[in-house]
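Below is one structure, written out as structure tokens, with a few remarks after it.
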Amino acid sequence: MASTETIEQVKERIEEVDPAEAQEELRGDGVALIDTREPYEHLEAHIEGSELVRPADVTDRIEEVVPDHSQRVLLYCASGNRSARAADELRELGYENAASVRGGIKAWEAEGLPVVMAEGMTPEQRNRYSRHTLLPEVGVEGQLKMLNAKVLLVGAGGLGAPSALYLAAAGIGTLGLVDDDEVDESNLQRQVIHNTERIGQPKTESARKTIEALNPDVDVIEHRTRLDASNITDIIKDYDVIVDGADNFPTRYLLNDASVRLRKPVVSASILAFDGQISTFLPYEGPCYRCLYPTPPPAELAPSCGAAGVLGVMAGVMGIGEPLIGRLLLYDSLGTHFTELKVRRDPECPICGPNAQEIPESEMGKFPDYELFCAA
Ligand SMILES: [Zn+2]
């Protein structure tokens, strides 16, 4: 088949049937219906009973799907061009009875004929998340879980900003943002969720505007405050997962202790100059932050605004993959070097260890003075 041929020339050689005729034929027996599109298109909406054979695979796979060269074969695609070429390929392979559905599934749907759709998602969502649902590891089910998930980001800064963008783009249905800061010009070099026009605005508000523009499916909840012992229980209790991008140790220890009490998983990332680390703390299943770091590091090693924003991206991406429970991933950006360390629960941990004090209801949400603890 000459590749310079127009689709009109191809169509002159093959048989085309209108959608209504095709539906009539499909009511009978012995008709093979082939969807000649890509898997994500098939998943979004397809005609019931159709077998997917990608356009690139038609020649190789057709004999496996339709061994009988005399069988009636109807092919369809989105608008009838790919299926016309496929019907022509079948003709060349000796299939005597292949036809293409004129106008494809678009014409089929326009005539009000039934299709099988990815359930639970709107047509816009099926399209937006098609590259996710195409992945067998995610699928429609996984995407629906994400749309129903509630993730809290502690900090809308260097680590929180890229995480928020990726989580929003991925379709996490509810994103909570905790930050009491305002956008400063010096943030913009790495805090990619903000922009020049937003200088002086609260970071949560700036982040919300960006997220809403990126993905209207995401419900953004602004917590324009600083996490402290008096508010942390109320803020974190309704979320499924917490992404810890806190830029200071008191908040990090506070968040750890509260999340262990409420059994909330925390994806925790931190950066220091060109090094970063990330881990997932799943209370009582793996170690907590205190199992790893019983005491804060000396003040001179405490991270200030980091130079590398990449770890935030990792927090967004890795939170979705195999959780790093009991594993600490270290990243050296100058050497582009990853190291994975096994970390274990500390039997002496005052928070999650076997000898940790059971916390009575009346003490929930009451925490020691972390400023003092970290300054010690
Ligand atoms: Zn612990």
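We name chains A, B, ... following the order of the structure tokens; residues begin at 1 in each chain, and ligands are numbered from 1 as shown.
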Near-ligand residues for ligand 1, threshold 12 Å, only C-alpha atoms and all ligand atoms, as a PyMOL selection string: chain A and resi 253+256-261+263+281-295+326+343-356
Filtered DSSP result for segment 162-283 of chain A, state strand (DSSP E), as a PyMOL selection string: chain A and resi 174-178+219-223+241-244+266-272+275-281
Go ahead and save the residues from that selection, with N, CA and C atoms, as a PDB file, in the first residue's frame.
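Here's the written file again_17.pdb:
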ATOM      1  N   THR A 174      -9.340  16.325  46.921  1.00  0.00           N
ATOM      2  CA  THR A 174      -9.296  17.377  47.925  1.00  0.00           C
ATOM      3  C   THR A 174      -7.851  17.619  48.347  1.00  0.00           C
ATOM      4  N   LEU A 175      -7.426  18.851  48.216  1.00  0.00           N
ATOM      5  CA  LEU A 175      -6.075  19.227  48.630  1.00  0.00           C
ATOM      6  C   LEU A 175      -6.185  20.312  49.701  1.00  0.00           C
ATOM      7  N   GLY A 176      -5.690  19.986  50.882  1.00  0.00           N
ATOM      8  CA  GLY A 176      -5.630  20.989  51.942  1.00  0.00           C
ATOM      9  C   GLY A 176      -4.242  21.612  51.956  1.00  0.00           C
ATOM     10  N   LEU A 177      -4.169  22.915  52.202  1.00  0.00           N
ATOM     11  CA  LEU A 177      -2.880  23.618  52.223  1.00  0.00           C
ATOM     12  C   LEU A 177      -2.743  24.356  53.539  1.00  0.00           C
ATOM     13  N   VAL A 178      -1.679  24.049  54.263  1.00  0.00           N
ATOM     14  CA  VAL A 178      -1.415  24.779  55.501  1.00  0.00           C
ATOM     15  C   VAL A 178      -0.216  25.681  55.294  1.00  0.00           C
ATOM     16  N   ASP A 219     -10.730  20.219  44.875  1.00  0.00           N
ATOM     17  CA  ASP A 219     -11.310  21.100  45.866  1.00  0.00           C
ATOM     18  C   ASP A 219     -10.179  21.524  46.807  1.00  0.00           C
ATOM     19  N   VAL A 220      -9.869  22.810  46.827  1.00  0.00           N
ATOM     20  CA  VAL A 220      -8.754  23.284  47.644  1.00  0.00           C
ATOM     21  C   VAL A 220      -9.280  23.852  48.963  1.00  0.00           C
ATOM     22  N   ILE A 221      -8.711  23.378  50.055  1.00  0.00           N
ATOM     23  CA  ILE A 221      -9.080  23.918  51.363  1.00  0.00           C
ATOM     24  C   ILE A 221      -7.873  24.671  51.919  1.00  0.00           C
ATOM     25  N   GLU A 222      -8.072  25.963  52.156  1.00  0.00           N
ATOM     26  CA  GLU A 222      -6.975  26.782  52.683  1.00  0.00           C
ATOM     27  C   GLU A 222      -6.977  26.762  54.206  1.00  0.00           C
ATOM     28  N   HIS A 223      -5.844  26.420  54.770  1.00  0.00           N
ATOM     29  CA  HIS A 223      -5.659  26.566  56.216  1.00  0.00           C
ATOM     30  C   HIS A 223      -4.599  27.648  56.383  1.00  0.00           C
ATOM     31  N   VAL A 241      -3.962  11.357  53.761  1.00  0.00           N
ATOM     32  CA  VAL A 241      -2.502  11.345  53.690  1.00  0.00           C
ATOM     33  C   VAL A 241      -2.005  12.769  53.926  1.00  0.00           C
ATOM     34  N   ILE A 242      -0.861  12.873  54.580  1.00  0.00           N
ATOM     35  CA  ILE A 242      -0.273  14.189  54.815  1.00  0.00           C
ATOM     36  C   ILE A 242       1.085  14.251  54.128  1.00  0.00           C
ATOM     37  N   VAL A 243       1.325  15.316  53.390  1.00  0.00           N
ATOM     38  CA  VAL A 243       2.644  15.532  52.789  1.00  0.00           C
ATOM     39  C   VAL A 243       3.346  16.593  53.625  1.00  0.00           C
ATOM     40  N   ASP A 244       4.434  16.167  54.245  1.00  0.00           N
ATOM     41  CA  ASP A 244       5.149  17.054  55.149  1.00  0.00           C
ATOM     42  C   ASP A 244       6.251  17.791  54.404  1.00  0.00           C
ATOM     43  N   VAL A 266       2.214   9.794  56.666  1.00  0.00           N
ATOM     44  CA  VAL A 266       2.876  11.056  56.316  1.00  0.00           C
ATOM     45  C   VAL A 266       3.982  10.784  55.302  1.00  0.00           C
ATOM     46  N   VAL A 267       3.922  11.463  54.160  1.00  0.00           N
ATOM     47  CA  VAL A 267       5.034  11.436  53.210  1.00  0.00           C
ATOM     48  C   VAL A 267       5.894  12.640  53.567  1.00  0.00           C
ATOM     49  N   SER A 268       7.116  12.366  53.965  1.00  0.00           N
ATOM     50  CA  SER A 268       7.941  13.437  54.509  1.00  0.00           C
ATOM     51  C   SER A 268       9.172  13.639  53.650  1.00  0.00           C
ATOM     52  N   ALA A 269       9.373  14.880  53.223  1.00  0.00           N
ATOM     53  CA  ALA A 269      10.548  15.191  52.413  1.00  0.00           C
ATOM     54  C   ALA A 269      11.256  16.375  53.030  1.00  0.00           C
ATOM     55  N   SER A 270      12.550  16.402  52.880  1.00  0.00           N
ATOM     56  CA  SER A 270      13.279  17.588  53.328  1.00  0.00           C
ATOM     57  C   SER A 270      14.485  17.790  52.433  1.00  0.00           C
ATOM     58  N   ILE A 271      14.949  19.028  52.397  1.00  0.00           N
ATOM     59  CA  ILE A 271      16.100  19.365  51.561  1.00  0.00           C
ATOM     60  C   ILE A 271      17.066  20.195  52.366  1.00  0.00           C
ATOM     61  N   LEU A 272      18.318  19.985  52.073  1.00  0.00           N
ATOM     62  CA  LEU A 272      19.363  20.754  52.731  1.00  0.00           C
ATOM     63  C   LEU A 272      20.438  20.971  51.677  1.00  0.00           C
ATOM     64  N   ASP A 275      21.216  18.283  48.965  1.00  0.00           N
ATOM     65  CA  ASP A 275      20.808  16.943  49.347  1.00  0.00           C
ATOM     66  C   ASP A 275      19.360  16.961  49.790  1.00  0.00           C
ATOM     67  N   GLY A 276      18.728  15.840  49.586  1.00  0.00           N
ATOM     68  CA  GLY A 276      17.349  15.742  50.026  1.00  0.00           C
ATOM     69  C   GLY A 276      17.049  14.340  50.480  1.00  0.00           C
ATOM     70  N   GLN A 277      15.945  14.198  51.176  1.00  0.00           N
ATOM     71  CA  GLN A 277      15.540  12.859  51.584  1.00  0.00           C
ATOM     72  C   GLN A 277      14.032  12.783  51.626  1.00  0.00           C
ATOM     73  N   ILE A 278      13.541  11.577  51.444  1.00  0.00           N
ATOM     74  CA  ILE A 278      12.097  11.375  51.472  1.00  0.00           C
ATOM     75  C   ILE A 278      11.810  10.008  52.058  1.00  0.00           C
ATOM     76  N   SER A 279      10.725   9.938  52.826  1.00  0.00           N
ATOM     77  CA  SER A 279      10.278   8.658  53.355  1.00  0.00           C
ATOM     78  C   SER A 279       8.783   8.755  53.615  1.00  0.00           C
ATOM     79  N   THR A 280       8.159   7.600  53.820  1.00  0.00           N
ATOM     80  CA  THR A 280       6.749   7.583  54.179  1.00  0.00           C
ATOM     81  C   THR A 280       6.631   6.960  55.564  1.00  0.00           C
ATOM     82  N   PHE A 281       5.965   7.663  56.446  1.00  0.00           N
ATOM     83  CA  PHE A 281       5.778   7.157  57.805  1.00  0.00           C
ATOM     84  C   PHE A 281       4.344   6.675  57.961  1.00  0.00           C
TER      85      PHE A 281
END
Option closest in space to Glu63 of chain A, from A:Leu372, A:Leu26, A:Leu188, A:Ala32 [counting only C-alpha atoms]: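 Result for the nearest residue to Glu63 of chain A: A:Ala32.
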Backbone-only DSSP, alpha helix (DSSP H) members of segment 43-235 of chain A, as JSON, numbers by chain: {"A": [43, 44, 58, 59, 60, 61, 62, 63, 64, 65, 82, 83, 84, 85, 86, 87, 88, 89, 90, 91, 92, 104, 105, 106, 107, 108, 109, 110, 123, 124, 125, 126, 127, 128, 130, 131, 132, 133, 139, 140, 141, 142, 143, 144, 145, 146, 147, 148, 160, 161, 162, 163, 164, 165, 166, 167, 168, 169, 170, 203, 204, 205, 206, 207, 208, 209, 210, 211, 212, 213, 214, 232, 233, 234, 235]}
Residue among A:Leu90, A:Ala164, A:Val31, A:Ala99 lying closest to Val17 of chain A, counting only C-alpha atoms: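 Looking at the shortest contact to Val17 of chain A, the residue is A:Ala99.
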Long-range neighbours of Leu52 of chain A as a list in words, 7 Å cut-off, only C-alpha atoms, 3 positions minimum in chain: Ile34, Asp35 and Thr36 of chain A
Closest of A:Asp88, A:Glu12, A:Asp179, A:Glu205 to Ala246 of chain A - atom-to-atom distances counting only C-alpha atoms: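 With only C-alpha atoms as the atom set, the closest residue is A:Asp179.
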Nearest candidate to Asp238 of chain A (options A:Ala149, A:Ala213, A:Val218, A:Ile7; using only C-alpha atoms):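 Nearest candidate to Asp238 of chain A out of A:Ala149, A:Ala213, A:Val218, A:Ile7: A:Ala149.
Here atom CA of Ala22 of chain A stands at a distance of 14.4 Å from atom CA of Ala87 of chain A.
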Residue nearest Gly157 of chain A - candidates A:Ser206, A:Ser83, A:Thr59, A:Thr196, atoms counted: only C-alpha atoms: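 Of A:Ser206, A:Ser83, A:Thr59, A:Thr196, the one nearest Gly157 of chain A is A:Ser206, counting only C-alpha atoms.
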